[in-house]
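*Asks:* File follows, final.pdb with PDB, C-alpha atoms and all ligand atoms:
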```pdb
ATOM      1  CA  MET A   1      46.845  76.569 -38.273
ATOM      2  CA  ASP A   2      45.979  79.659 -40.293
ATOM      3  CA  LYS A   3      44.937  78.049 -43.581
ATOM      4  CA  GLU A   4      44.993  81.294 -45.547
ATOM      5  CA  ALA A   5      48.577  81.982 -44.443
ATOM      6  CA  GLY A   6      49.509  78.451 -45.514
ATOM      7  CA  LYS A   7      47.932  78.921 -48.942
ATOM      8  CA  ARG A   8      49.689  82.256 -49.434
ATOM      9  CA  LEU A   9      53.097  80.897 -48.432
ATOM     10  CA  ALA A  10      52.697  77.906 -50.754
ATOM     11  CA  ALA A  11      51.779  80.240 -53.622
ATOM     12  CA  GLU A  12      54.822  82.442 -52.925
ATOM     13  CA  GLU A  13      57.090  79.388 -52.984
ATOM     14  CA  ALA A  14      55.573  78.218 -56.272
ATOM     15  CA  ALA A  15      56.201  81.647 -57.790
ATOM     16  CA  LYS A  16      59.933  80.946 -57.457
ATOM     17  CA  HIS A  17      59.520  78.402 -60.267
ATOM     18  CA  VAL A  18      58.318  81.051 -62.702
ATOM     19  CA  THR A  19      60.460  83.362 -64.803
ATOM     20  CA  THR A  20      59.535  86.007 -67.319
ATOM     21  CA  ASP A  21      58.354  84.869 -70.758
ATOM     22  CA  MET A  22      56.779  81.660 -69.460
ATOM     23  CA  THR A  23      53.449  80.158 -70.448
ATOM     24  CA  LEU A  24      51.526  79.104 -67.348
ATOM     25  CA  GLY A  25      48.615  76.821 -66.595
ATOM     26  CA  LEU A  26      46.578  78.797 -64.091
ATOM     27  CA  GLY A  27      44.611  76.693 -61.613
ATOM     28  CA  THR A  28      41.299  77.382 -59.931
ATOM     29  CA  GLY A  29      40.257  77.892 -56.321
ATOM     30  CA  SER A  30      41.227  79.893 -53.276
ATOM     31  CA  THR A  31      44.865  78.701 -53.244
ATOM     32  CA  ALA A  32      45.474  79.181 -56.965
ATOM     33  CA  ARG A  33      43.970  82.646 -56.555
ATOM     34  CA  TYR A  34      46.933  83.712 -54.379
ATOM     35  CA  PHE A  35      49.316  82.463 -57.048
ATOM     36  CA  VAL A  36      47.545  84.350 -59.839
ATOM     37  CA  ASP A  37      47.692  87.515 -57.704
ATOM     38  CA  ILE A  38      51.473  87.135 -57.445
ATOM     39  CA  MET A  39      51.720  86.642 -61.216
ATOM     40  CA  GLY A  40      49.779  89.880 -61.615
ATOM     41  CA  GLU A  41      52.414  91.651 -59.490
ATOM     42  CA  ARG A  42      55.164  90.240 -61.725
ATOM     43  CA  VAL A  43      53.404  91.566 -64.827
ATOM     44  CA  LYS A  44      53.207  95.000 -63.185
ATOM     45  CA  GLN A  45      56.971  94.772 -62.648
ATOM     46  CA  GLY A  46      57.409  94.310 -66.399
ATOM     47  CA  TRP A  47      57.406  90.544 -66.833
ATOM     48  CA  THR A  48      55.787  88.909 -69.866
ATOM     49  CA  LEU A  49      53.560  86.016 -68.830
ATOM     50  CA  ARG A  50      51.002  84.069 -70.844
ATOM     51  CA  GLY A  51      48.273  82.186 -69.027
ATOM     52  CA  ILE A  52      45.884  79.366 -69.816
ATOM     53  CA  PRO A  53      43.157  79.654 -67.179
ATOM     54  CA  THR A  54      41.326  76.517 -66.014
ATOM     55  CA  SER A  55      38.065  78.321 -65.257
ATOM     56  CA  GLU A  56      36.177  81.438 -66.214
ATOM     57  CA  GLU A  57      36.745  82.711 -62.669
ATOM     58  CA  THR A  58      40.510  82.434 -63.075
ATOM     59  CA  ARG A  59      40.275  83.947 -66.552
ATOM     60  CA  ARG A  60      38.522  87.026 -65.134
ATOM     61  CA  GLN A  61      41.064  87.372 -62.330
ATOM     62  CA  ALA A  62      44.075  86.963 -64.641
ATOM     63  CA  GLN A  63      42.682  89.383 -67.207
ATOM     64  CA  SER A  64      41.978  91.999 -64.541
ATOM     65  CA  LEU A  65      45.639  91.750 -63.491
ATOM     66  CA  GLY A  66      46.945  92.227 -67.024
ATOM     67  CA  ILE A  67      48.113  88.647 -67.578
ATOM     68  CA  GLU A  68      47.875  87.743 -71.266
ATOM     69  CA  ILE A  69      45.380  84.931 -71.841
ATOM     70  CA  ILE A  70      46.120  82.595 -74.720
ATOM     71  CA  GLU A  71      44.193  79.907 -76.555
ATOM     72  CA  PRO A  72      46.735  77.107 -76.989
ATOM     73  CA  ASP A  73      47.483  75.567 -80.369
ATOM     74  CA  GLU A  74      49.163  72.224 -81.023
ATOM     75  CA  THR A  75      52.631  73.715 -80.640
ATOM     76  CA  THR A  76      51.984  75.489 -77.329
ATOM     77  CA  ILE A  77      54.342  74.530 -74.540
ATOM     78  CA  ILE A  78      52.999  75.089 -71.039
ATOM     79  CA  ASP A  79      56.125  75.591 -68.948
ATOM     80  CA  VAL A  80      54.401  74.977 -65.649
ATOM     81  CA  ALA A  81      50.855  74.518 -64.357
ATOM     82  CA  ILE A  82      50.135  75.542 -60.785
ATOM     83  CA  ASP A  83      46.970  74.500 -59.013
ATOM     84  CA  GLY A  84      45.451  73.723 -55.635
ATOM     85  CA  THR A  85      44.004  70.418 -54.460
ATOM     86  CA  ASP A  86      41.326  69.081 -52.151
ATOM     87  CA  GLU A  87      43.418  66.132 -50.928
ATOM     88  CA  ALA A  88      46.880  64.727 -51.624
ATOM     89  CA  ASP A  89      48.138  61.303 -50.499
ATOM     90  CA  PRO A  90      51.748  60.194 -49.812
ATOM     91  CA  SER A  91      52.013  58.804 -53.372
ATOM     92  CA  PHE A  92      51.193  62.241 -54.824
ATOM     93  CA  ASN A  93      47.718  61.178 -55.979
ATOM     94  CA  LEU A  94      45.116  63.927 -55.675
ATOM     95  CA  ILE A  95      41.416  64.528 -55.373
ATOM     96  CA  LYS A  96      40.472  67.754 -57.139
ATOM     97  CA  GLY A  97      37.254  69.313 -58.348
ATOM     98  CA  GLY A  98      35.775  70.884 -55.231
ATOM     99  CA  GLY A  99      35.379  74.005 -57.356
ATOM    100  CA  ALA A 100      33.969  72.086 -60.355
ATOM    101  CA  ALA A 101      36.961  72.897 -62.581
ATOM    102  CA  LEU A 102      38.491  69.429 -62.705
ATOM    103  CA  LEU A 103      38.171  68.687 -66.441
ATOM    104  CA  ARG A 104      39.935  71.862 -67.575
ATOM    105  CA  GLU A 105      42.439  71.502 -64.733
ATOM    106  CA  LYS A 106      43.323  67.953 -65.768
ATOM    107  CA  ILE A 107      43.714  68.881 -69.455
ATOM    108  CA  VAL A 108      46.128  71.681 -68.548
ATOM    109  CA  ALA A 109      48.033  69.806 -65.821
ATOM    110  CA  LYS A 110      48.584  66.807 -68.102
ATOM    111  CA  ALA A 111      49.820  68.979 -70.970
ATOM    112  CA  ALA A 112      52.215  71.022 -68.823
ATOM    113  CA  ARG A 113      55.935  70.289 -68.661
ATOM    114  CA  LYS A 114      55.701  70.555 -64.894
ATOM    115  CA  PHE A 115      52.684  70.336 -62.577
ATOM    116  CA  ILE A 116      53.122  72.009 -59.193
ATOM    117  CA  VAL A 117      50.437  71.612 -56.539
ATOM    118  CA  ILE A 118      50.044  74.212 -53.820
ATOM    119  CA  ALA A 119      48.054  73.622 -50.649
ATOM    120  CA  ASP A 120      47.734  74.411 -46.997
ATOM    121  CA  LYS A 121      48.858  71.515 -44.828
ATOM    122  CA  SER A 122      45.308  70.345 -44.063
ATOM    123  CA  LYS A 123      45.131  68.897 -47.595
ATOM    124  CA  ARG A 124      47.815  66.322 -46.806
ATOM    125  CA  VAL A 125      46.107  62.993 -46.034
ATOM    126  CA  VAL A 126      47.196  59.432 -45.345
ATOM    127  CA  ALA A 127      44.661  58.067 -47.841
ATOM    128  CA  LEU A 128      42.315  59.764 -50.296
ATOM    129  CA  GLY A 129      38.564  59.657 -49.890
ATOM    130  CA  ALA A 130      37.376  61.666 -46.898
ATOM    131  CA  PHE A 131      36.649  64.403 -49.452
ATOM    132  CA  PRO A 132      33.788  63.265 -51.732
ATOM    133  CA  LEU A 133      35.178  62.448 -55.184
ATOM    134  CA  PRO A 134      33.874  64.850 -57.857
ATOM    135  CA  ILE A 135      33.094  63.243 -61.222
ATOM    136  CA  GLU A 136      32.301  65.456 -64.232
ATOM    137  CA  ILE A 137      29.675  63.935 -66.522
ATOM    138  CA  SER A 138      27.813  64.860 -69.692
ATOM    139  CA  PRO A 139      24.286  66.184 -69.064
ATOM    140  CA  PHE A 140      22.937  63.854 -71.789
ATOM    141  CA  SER A 141      20.845  61.113 -70.135
ATOM    142  CA  TRP A 142      22.959  61.699 -67.068
ATOM    143  CA  ALA A 143      21.093  59.168 -64.887
ATOM    144  CA  LEU A 144      22.392  56.386 -67.153
ATOM    145  CA  THR A 145      25.937  57.557 -66.481
ATOM    146  CA  VAL A 146      25.266  57.667 -62.733
ATOM    147  CA  SER A 147      24.017  54.087 -62.921
ATOM    148  CA  ALA A 148      27.218  53.035 -64.738
ATOM    149  CA  ILE A 149      29.328  54.880 -62.157
ATOM    150  CA  ARG A 150      27.519  53.049 -59.354
ATOM    151  CA  ALA A 151      28.178  49.704 -61.038
ATOM    152  CA  ALA A 152      31.875  50.527 -61.542
ATOM    153  CA  LEU A 153      32.250  51.610 -57.922
ATOM    154  CA  THR A 154      30.614  48.421 -56.672
ATOM    155  CA  ALA A 155      32.896  46.358 -58.935
ATOM    156  CA  ASN A 156      35.852  48.206 -57.410
ATOM    157  CA  GLY A 157      34.876  47.226 -53.884
ATOM    158  CA  PHE A 158      32.837  50.210 -52.719
ATOM    159  CA  THR A 159      29.693  48.916 -51.090
ATOM    160  CA  ALA A 160      26.618  51.171 -51.344
ATOM    161  CA  PRO A 161      28.447  54.324 -52.518
ATOM    162  CA  ARG A 162      26.486  57.534 -51.929
ATOM    163  CA  LEU A 163      26.293  59.553 -55.142
ATOM    164  CA  SER A 164      24.746  62.997 -55.374
ATOM    165  CA  LEU A 165      24.267  65.456 -58.198
ATOM    166  CA  ARG A 166      25.945  68.685 -57.116
ATOM    167  CA  ALA A 167      23.351  71.433 -56.822
ATOM    168  CA  THR A 168      22.935  74.893 -55.376
ATOM    169  CA  ASP A 169      19.493  75.749 -53.988
ATOM    170  CA  GLY A 170      18.047  72.780 -55.841
ATOM    171  CA  THR A 171      19.553  73.771 -59.206
ATOM    172  CA  PRO A 172      22.216  71.455 -60.647
ATOM    173  CA  VAL A 173      25.666  73.041 -60.766
ATOM    174  CA  LYS A 174      26.942  73.406 -64.339
ATOM    175  CA  THR A 175      30.664  73.449 -64.970
ATOM    176  CA  ASP A 176      32.205  76.099 -67.225
ATOM    177  CA  GLY A 177      31.895  73.555 -70.031
ATOM    178  CA  GLY A 178      28.165  73.034 -69.326
ATOM    179  CA  ASN A 179      28.580  69.618 -67.694
ATOM    180  CA  LEU A 180      27.309  68.176 -64.389
ATOM    181  CA  ILE A 181      29.192  67.083 -61.277
ATOM    182  CA  ILE A 182      28.478  63.926 -59.302
ATOM    183  CA  ASP A 183      29.996  63.852 -55.809
ATOM    184  CA  ALA A 184      30.794  60.316 -54.679
ATOM    185  CA  GLU A 185      31.147  59.653 -50.950
ATOM    186  CA  LEU A 186      33.441  56.670 -50.938
ATOM    187  CA  GLY A 187      35.415  56.719 -47.739
ATOM    188  CA  ARG A 188      38.978  55.475 -47.972
ATOM    189  CA  ILE A 189      40.232  54.949 -51.553
ATOM    190  CA  ASP A 190      42.946  52.289 -51.418
ATOM    191  CA  ALA A 191      43.551  51.946 -55.166
ATOM    192  CA  PRO A 192      43.131  55.416 -56.708
ATOM    193  CA  ILE A 193      44.967  54.576 -59.960
ATOM    194  CA  GLU A 194      42.645  51.654 -60.728
ATOM    195  CA  LEU A 195      39.594  53.701 -59.761
ATOM    196  CA  GLU A 196      40.616  56.618 -61.980
ATOM    197  CA  ARG A 197      40.993  54.197 -64.886
ATOM    198  CA  ALA A 198      37.656  52.464 -64.235
ATOM    199  CA  LEU A 199      35.753  55.749 -64.101
ATOM    200  CA  ALA A 200      37.463  57.102 -67.224
ATOM    201  CA  ALA A 201      36.239  54.051 -69.164
ATOM    202  CA  ILE A 202      32.553  54.919 -68.629
ATOM    203  CA  PRO A 203      30.824  56.660 -71.566
ATOM    204  CA  GLY A 204      29.409  59.916 -70.228
ATOM    205  CA  VAL A 205      32.167  60.382 -67.650
ATOM    206  CA  LEU A 206      34.333  63.244 -68.873
ATOM    207  CA  GLU A 207      36.853  63.028 -66.039
ATOM    208  CA  SER A 208      37.032  62.148 -62.374
ATOM    209  CA  GLY A 209      38.722  64.322 -59.792
ATOM    210  CA  LEU A 210      41.410  61.680 -59.274
ATOM    211  CA  PHE A 211      44.731  63.052 -60.539
ATOM    212  CA  CYS A 212      47.125  60.095 -60.324
ATOM    213  CA  GLY A 213      50.762  60.063 -61.437
ATOM    214  CA  MET A 214      50.725  63.658 -62.671
ATOM    215  CA  THR A 215      52.220  65.679 -59.843
ATOM    216  CA  ASP A 216      55.846  66.829 -60.038
ATOM    217  CA  MET A 217      55.898  68.683 -56.737
ATOM    218  CA  ILE A 218      53.611  69.568 -53.845
ATOM    219  CA  ILE A 219      54.240  72.694 -51.812
ATOM    220  CA  TYR A 220      52.466  72.579 -48.460
ATOM    221  CA  GLY A 221      52.154  75.844 -46.599
ATOM    222  CA  ASP A 222      51.786  76.157 -42.870
ATOM    223  CA  THR A 223      51.736  79.126 -40.524
ATOM    224  CA  ASP A 224      55.494  78.951 -40.050
ATOM    225  CA  GLY A 225      56.705  78.013 -43.516
ATOM    226  CA  VAL A 226      56.525  75.596 -46.398
ATOM    227  CA  SER A 227      57.528  72.037 -47.054
ATOM    228  CA  VAL A 228      58.271  70.974 -50.601
ATOM    229  CA  VAL A 229      57.829  67.329 -51.491
ATOM    230  CA  LYS A 230      58.586  65.537 -54.754
ATOM    231  CA  PRO A 231      57.848  61.993 -55.929
TER     232      PRO A 231
HETATM  233  O1  LIG B 301      37.784  72.543 -58.984
HETATM  234  C1  LIG B 301      38.517  73.096 -58.178
HETATM  235  C2  LIG B 301      39.905  72.761 -57.953
HETATM  236  O2  LIG B 301      40.220  71.420 -58.144
HETATM  237  C3  LIG B 301      40.600  73.357 -56.747
HETATM  238  O3  LIG B 301      41.949  73.367 -57.069
HETATM  239  C4  LIG B 301      40.434  72.588 -55.469
HETATM  240  O4  LIG B 301      39.055  72.447 -55.197
HETATM  241  C5  LIG B 301      41.143  73.284 -54.293
HETATM  242  O5  LIG B 301      40.549  74.504 -54.039
HETATM  243  P1  LIG B 301      41.016  75.432 -52.830
HETATM  244  O6  LIG B 301      42.387  75.909 -53.125
HETATM  245  O7  LIG B 301      39.994  76.536 -52.791
HETATM  246  O8  LIG B 301      40.948  74.587 -51.588
END
```
Could I get this file's structure written as structure tokens?
Ligand SMILES: O=C[C@H](O)[C@H](O)[C@H](O)COP(=O)(O)O

*Replies:*
Amino acid sequence: MDKEAGKRLAAEEAAKHVTTDMTLGLGTGSTARYFVDIMGERVKQGWTLRGIPTSEETRRQAQSLGIEIIEPDETTIIDVAIDGTDEADPSFNLIKGGGAALLREKIVAKAARKFIVIADKSKRVVALGAFPLPIEISPFSWALTVSAIRAALTANGFTAPRLSLRATDGTPVKTDGGNLIIDAELGRIDAPIELERALAAIPGVLESGLFCGMTDMIIYGDTDGVSVVKP
């Protein structure tokens, strides 16, 4: 399977859900990038589109394409948010955050009227967890938060979970919001909803990469076309 072709086709299909004058949640990552490119083409054709980017990388891309970037206020309606994923299970639960943008992505996806996920077919899994679960935490006394995460994981049935602070060349990765990412190697996650809730209850955890019960549609792209699935 040509993954890039799958991503592009999924992005093209998602673009059919956008009309001029919409406010969009713009996701992050290599799949969302194709979608933002298409939105840039629409703007060139004369459409008005407002975007709320979920990362500085997406902000730069959208701005360079002439998409208007807005800072939402309490009355802002996000018509649709479009984003990629690292894994998606048959119940439409996701693992996101491979690109460290999960907190902003979750804020935008949750606020949007519609959340459309775009992915190449390799992201479709029987159960979540082969992809290490990213957890965004505050840098303040972060080891205490890691200890609490370990305890919560053990209480949720994960024996000896491997947790690592995401780093590049020995330097901890900082998210756009200045936070840290813990990657949790858990293996199969049988109860993602309960796990998302347990992690969210820990002081110091800003969000986990589990996106449960939020997805309105997943568009999977493959070399020869797309399949659209809805809960
Ligand atoms: O933090 C990053 C995001 O959650 C991405 O949407 C996710 O990692 C998928 O990225 P890609 O489309 O590059 O596989």

*Asks:* Grab me every residue within 8 Å of ligand LIG 301 (chain B), counting all atoms listed in the file, and send it over as a ChimeraX atom specification.

*Replies:* /A:7,27-33,83-86,95-102,105,118-119,209

*Asks:* Keeping only C-alpha atoms, take the residues you just selected and write them out as a PDB file, in the coordinates of the input.

*Replies:*
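Resulting contents of again-v7.pdb:
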```pdb
ATOM      1  CA  LYS A   7      47.932  78.921 -48.942  1.00  0.00           C
ATOM      2  CA  GLY A  27      44.611  76.693 -61.613  1.00  0.00           C
ATOM      3  CA  THR A  28      41.299  77.382 -59.931  1.00  0.00           C
ATOM      4  CA  GLY A  29      40.257  77.892 -56.321  1.00  0.00           C
ATOM      5  CA  SER A  30      41.227  79.893 -53.276  1.00  0.00           C
ATOM      6  CA  THR A  31      44.865  78.701 -53.244  1.00  0.00           C
ATOM      7  CA  ALA A  32      45.474  79.181 -56.965  1.00  0.00           C
ATOM      8  CA  ARG A  33      43.970  82.646 -56.555  1.00  0.00           C
ATOM      9  CA  ASP A  83      46.970  74.500 -59.013  1.00  0.00           C
ATOM     10  CA  GLY A  84      45.451  73.723 -55.635  1.00  0.00           C
ATOM     11  CA  THR A  85      44.004  70.418 -54.460  1.00  0.00           C
ATOM     12  CA  ASP A  86      41.326  69.081 -52.151  1.00  0.00           C
ATOM     13  CA  ILE A  95      41.416  64.528 -55.373  1.00  0.00           C
ATOM     14  CA  LYS A  96      40.472  67.754 -57.139  1.00  0.00           C
ATOM     15  CA  GLY A  97      37.254  69.313 -58.348  1.00  0.00           C
ATOM     16  CA  GLY A  98      35.775  70.884 -55.231  1.00  0.00           C
ATOM     17  CA  GLY A  99      35.379  74.005 -57.356  1.00  0.00           C
ATOM     18  CA  ALA A 100      33.969  72.086 -60.355  1.00  0.00           C
ATOM     19  CA  ALA A 101      36.961  72.897 -62.581  1.00  0.00           C
ATOM     20  CA  LEU A 102      38.491  69.429 -62.705  1.00  0.00           C
ATOM     21  CA  GLU A 105      42.439  71.502 -64.733  1.00  0.00           C
ATOM     22  CA  ILE A 118      50.044  74.212 -53.820  1.00  0.00           C
ATOM     23  CA  ALA A 119      48.054  73.622 -50.649  1.00  0.00           C
ATOM     24  CA  GLY A 209      38.722  64.322 -59.792  1.00  0.00           C
TER      25      GLY A 209
END
```

*Asks:* Show me, as JSON, numbers by chain, the residues that have an atom within 9 Å of segment 15-20 of chain A when counting all atoms listed in the file, minus same-chain residues fewer than 4 positions from it.

*Replies:* {"A": [10, 11, 24, 35, 38, 39, 42, 43, 46, 47, 48, 49, 79, 80]}

*Asks:* Could you tell me which of A:Pro134, A:Pro203, A:Gly225, A:Pro192 comes closest to Leu180 of chain A if we count only C-alpha atoms?

*Replies:*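 Smallest separation from Leu180 of chain A among the options: A:Pro134.
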
*Asks:* Grab the atom CA of Glu185 of chain A to atom CA of Glu4 of chain A distance for me, in Å with one decimal place.

*Replies:*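 Separation of atom CA of Glu185 of chain A and atom CA of Glu4 of chain A: 26.3 Å.
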
*Asks:* Would you mind listing what lies within 8 Å of segment 147-161 of chain A as a list of chain:residue names, with all atoms listed in the file counted and same-chain residues fewer than 3 positions away left out?

*Replies:*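 The residues satisfying every condition are A:Ala143, A:Leu144, A:Ala184, A:Glu185, A:Leu186, A:Leu195, A:Ala198, A:Leu199, A:Ile202.
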
*Asks:* Mind pulling up the distance from atom CA of Lys114 of chain A to atom CA of Ile135 of chain A?

*Replies:*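 Going from atom CA of Ile135 of chain A over to atom CA of Lys114 of chain A, I get 24.0 Å.
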
*Asks:* Using the chain letters and residue numbers of this document, give as JSON, numbers by chain the residues selected by the PyMOL selection byres (((chain A and resi 120-131) around 6) and not hetatm).

*Replies:* {"A": [3, 6, 7, 86, 87, 88, 89, 119, 132, 187, 188, 189, 220, 221, 222]}

*Asks:* Give me the result of the PyMOL selection byres (((chain A and resi 107) around 12) and not hetatm) on this file, residue by residue, as a count of residues only.

*Replies:* 28

*Asks:* Using all atoms listed in the file, which residue out of A:Ile70, A:Val205, A:Leu210, A:Val173 lies closest to Ala191 of chain A?

*Replies:*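 Looking at the shortest contact to Ala191 of chain A, the residue is A:Leu210.
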
*Asks:* Between atom CA of Glu194 of chain A and atom CA of Phe92 of chain A, what is the spacing in Å?

*Replies:* 14.8 Å

*Asks:* Counting only C-alpha atoms, what is within 9 Å of Ile67 of chain A, bar same-chain residues fewer than 2 positions away, as a PyMOL selection string?

*Replies:* chain A and resi 36+39-40+43+48-51+61-65+69

*Asks:* Take segment 141-167 of chain A, model N, CA and C atoms, and hand the result over as a PDB file, keeping the file's coordinate frame.

*Replies:*
```
ATOM      1  N   SER A 141      21.319  62.333 -70.825  1.00  0.00           N
ATOM      2  CA  SER A 141      20.845  61.113 -70.135  1.00  0.00           C
ATOM      3  C   SER A 141      21.719  60.792 -68.936  1.00  0.00           C
ATOM      4  N   TRP A 142      21.935  61.795 -68.109  1.00  0.00           N
ATOM      5  CA  TRP A 142      22.959  61.699 -67.068  1.00  0.00           C
ATOM      6  C   TRP A 142      22.695  60.584 -66.055  1.00  0.00           C
ATOM      7  N   ALA A 143      21.398  60.223 -65.867  1.00  0.00           N
ATOM      8  CA  ALA A 143      21.093  59.168 -64.887  1.00  0.00           C
ATOM      9  C   ALA A 143      21.670  57.823 -65.324  1.00  0.00           C
ATOM     10  N   LEU A 144      21.781  57.632 -66.657  1.00  0.00           N
ATOM     11  CA  LEU A 144      22.392  56.386 -67.153  1.00  0.00           C
ATOM     12  C   LEU A 144      23.868  56.336 -66.769  1.00  0.00           C
ATOM     13  N   THR A 145      24.511  57.487 -66.852  1.00  0.00           N
ATOM     14  CA  THR A 145      25.937  57.557 -66.481  1.00  0.00           C
ATOM     15  C   THR A 145      26.104  57.323 -64.981  1.00  0.00           C
ATOM     16  N   VAL A 146      25.183  57.878 -64.186  1.00  0.00           N
ATOM     17  CA  VAL A 146      25.266  57.667 -62.733  1.00  0.00           C
ATOM     18  C   VAL A 146      25.118  56.175 -62.422  1.00  0.00           C
ATOM     19  N   SER A 147      24.213  55.519 -63.135  1.00  0.00           N
ATOM     20  CA  SER A 147      24.017  54.087 -62.921  1.00  0.00           C
ATOM     21  C   SER A 147      25.300  53.315 -63.254  1.00  0.00           C
ATOM     22  N   ALA A 148      25.959  53.706 -64.347  1.00  0.00           N
ATOM     23  CA  ALA A 148      27.218  53.035 -64.738  1.00  0.00           C
ATOM     24  C   ALA A 148      28.326  53.328 -63.721  1.00  0.00           C
ATOM     25  N   ILE A 149      28.328  54.539 -63.189  1.00  0.00           N
ATOM     26  CA  ILE A 149      29.328  54.880 -62.157  1.00  0.00           C
ATOM     27  C   ILE A 149      29.106  54.000 -60.924  1.00  0.00           C
ATOM     28  N   ARG A 150      27.838  53.858 -60.537  1.00  0.00           N
ATOM     29  CA  ARG A 150      27.519  53.049 -59.354  1.00  0.00           C
ATOM     30  C   ARG A 150      27.999  51.605 -59.554  1.00  0.00           C
ATOM     31  N   ALA A 151      27.765  51.085 -60.752  1.00  0.00           N
ATOM     32  CA  ALA A 151      28.178  49.704 -61.038  1.00  0.00           C
ATOM     33  C   ALA A 151      29.703  49.579 -60.974  1.00  0.00           C
ATOM     34  N   ALA A 152      30.401  50.578 -61.543  1.00  0.00           N
ATOM     35  CA  ALA A 152      31.875  50.527 -61.542  1.00  0.00           C
ATOM     36  C   ALA A 152      32.413  50.628 -60.115  1.00  0.00           C
ATOM     37  N   LEU A 153      31.786  51.456 -59.306  1.00  0.00           N
ATOM     38  CA  LEU A 153      32.250  51.610 -57.922  1.00  0.00           C
ATOM     39  C   LEU A 153      32.042  50.302 -57.147  1.00  0.00           C
ATOM     40  N   THR A 154      30.896  49.686 -57.358  1.00  0.00           N
ATOM     41  CA  THR A 154      30.614  48.421 -56.672  1.00  0.00           C
ATOM     42  C   THR A 154      31.639  47.367 -57.109  1.00  0.00           C
ATOM     43  N   ALA A 155      31.916  47.335 -58.421  1.00  0.00           N
ATOM     44  CA  ALA A 155      32.896  46.358 -58.935  1.00  0.00           C
ATOM     45  C   ALA A 155      34.289  46.622 -58.374  1.00  0.00           C
ATOM     46  N   ASN A 156      34.538  47.857 -57.969  1.00  0.00           N
ATOM     47  CA  ASN A 156      35.852  48.206 -57.410  1.00  0.00           C
ATOM     48  C   ASN A 156      35.865  48.146 -55.891  1.00  0.00           C
ATOM     49  N   GLY A 157      34.842  47.512 -55.322  1.00  0.00           N
ATOM     50  CA  GLY A 157      34.876  47.226 -53.884  1.00  0.00           C
ATOM     51  C   GLY A 157      34.202  48.253 -52.981  1.00  0.00           C
ATOM     52  N   PHE A 158      33.520  49.224 -53.562  1.00  0.00           N
ATOM     53  CA  PHE A 158      32.837  50.210 -52.719  1.00  0.00           C
ATOM     54  C   PHE A 158      31.385  49.749 -52.544  1.00  0.00           C
ATOM     55  N   THR A 159      31.045  49.410 -51.320  1.00  0.00           N
ATOM     56  CA  THR A 159      29.693  48.916 -51.090  1.00  0.00           C
ATOM     57  C   THR A 159      28.764  50.095 -50.823  1.00  0.00           C
ATOM     58  N   ALA A 160      27.639  50.132 -51.494  1.00  0.00           N
ATOM     59  CA  ALA A 160      26.618  51.171 -51.344  1.00  0.00           C
ATOM     60  C   ALA A 160      27.194  52.590 -51.361  1.00  0.00           C
ATOM     61  N   PRO A 161      27.898  52.959 -52.450  1.00  0.00           N
ATOM     62  CA  PRO A 161      28.447  54.324 -52.518  1.00  0.00           C
ATOM     63  C   PRO A 161      27.326  55.358 -52.588  1.00  0.00           C
ATOM     64  N   ARG A 162      27.496  56.455 -51.880  1.00  0.00           N
ATOM     65  CA  ARG A 162      26.486  57.534 -51.929  1.00  0.00           C
ATOM     66  C   ARG A 162      26.879  58.519 -53.017  1.00  0.00           C
ATOM     67  N   LEU A 163      26.021  58.660 -54.014  1.00  0.00           N
ATOM     68  CA  LEU A 163      26.293  59.553 -55.142  1.00  0.00           C
ATOM     69  C   LEU A 163      25.264  60.672 -55.142  1.00  0.00           C
ATOM     70  N   SER A 164      25.728  61.905 -55.289  1.00  0.00           N
ATOM     71  CA  SER A 164      24.746  62.997 -55.374  1.00  0.00           C
ATOM     72  C   SER A 164      25.122  63.964 -56.489  1.00  0.00           C
ATOM     73  N   LEU A 165      24.088  64.449 -57.155  1.00  0.00           N
ATOM     74  CA  LEU A 165      24.267  65.456 -58.198  1.00  0.00           C
ATOM     75  C   LEU A 165      24.517  66.783 -57.494  1.00  0.00           C
ATOM     76  N   ARG A 166      25.638  67.424 -57.801  1.00  0.00           N
ATOM     77  CA  ARG A 166      25.945  68.685 -57.116  1.00  0.00           C
ATOM     78  C   ARG A 166      24.931  69.757 -57.530  1.00  0.00           C
ATOM     79  N   ALA A 167      24.380  70.434 -56.537  1.00  0.00           N
ATOM     80  CA  ALA A 167      23.351  71.433 -56.822  1.00  0.00           C
ATOM     81  C   ALA A 167      23.472  72.582 -55.833  1.00  0.00           C
TER      82      ALA A 167
END
```
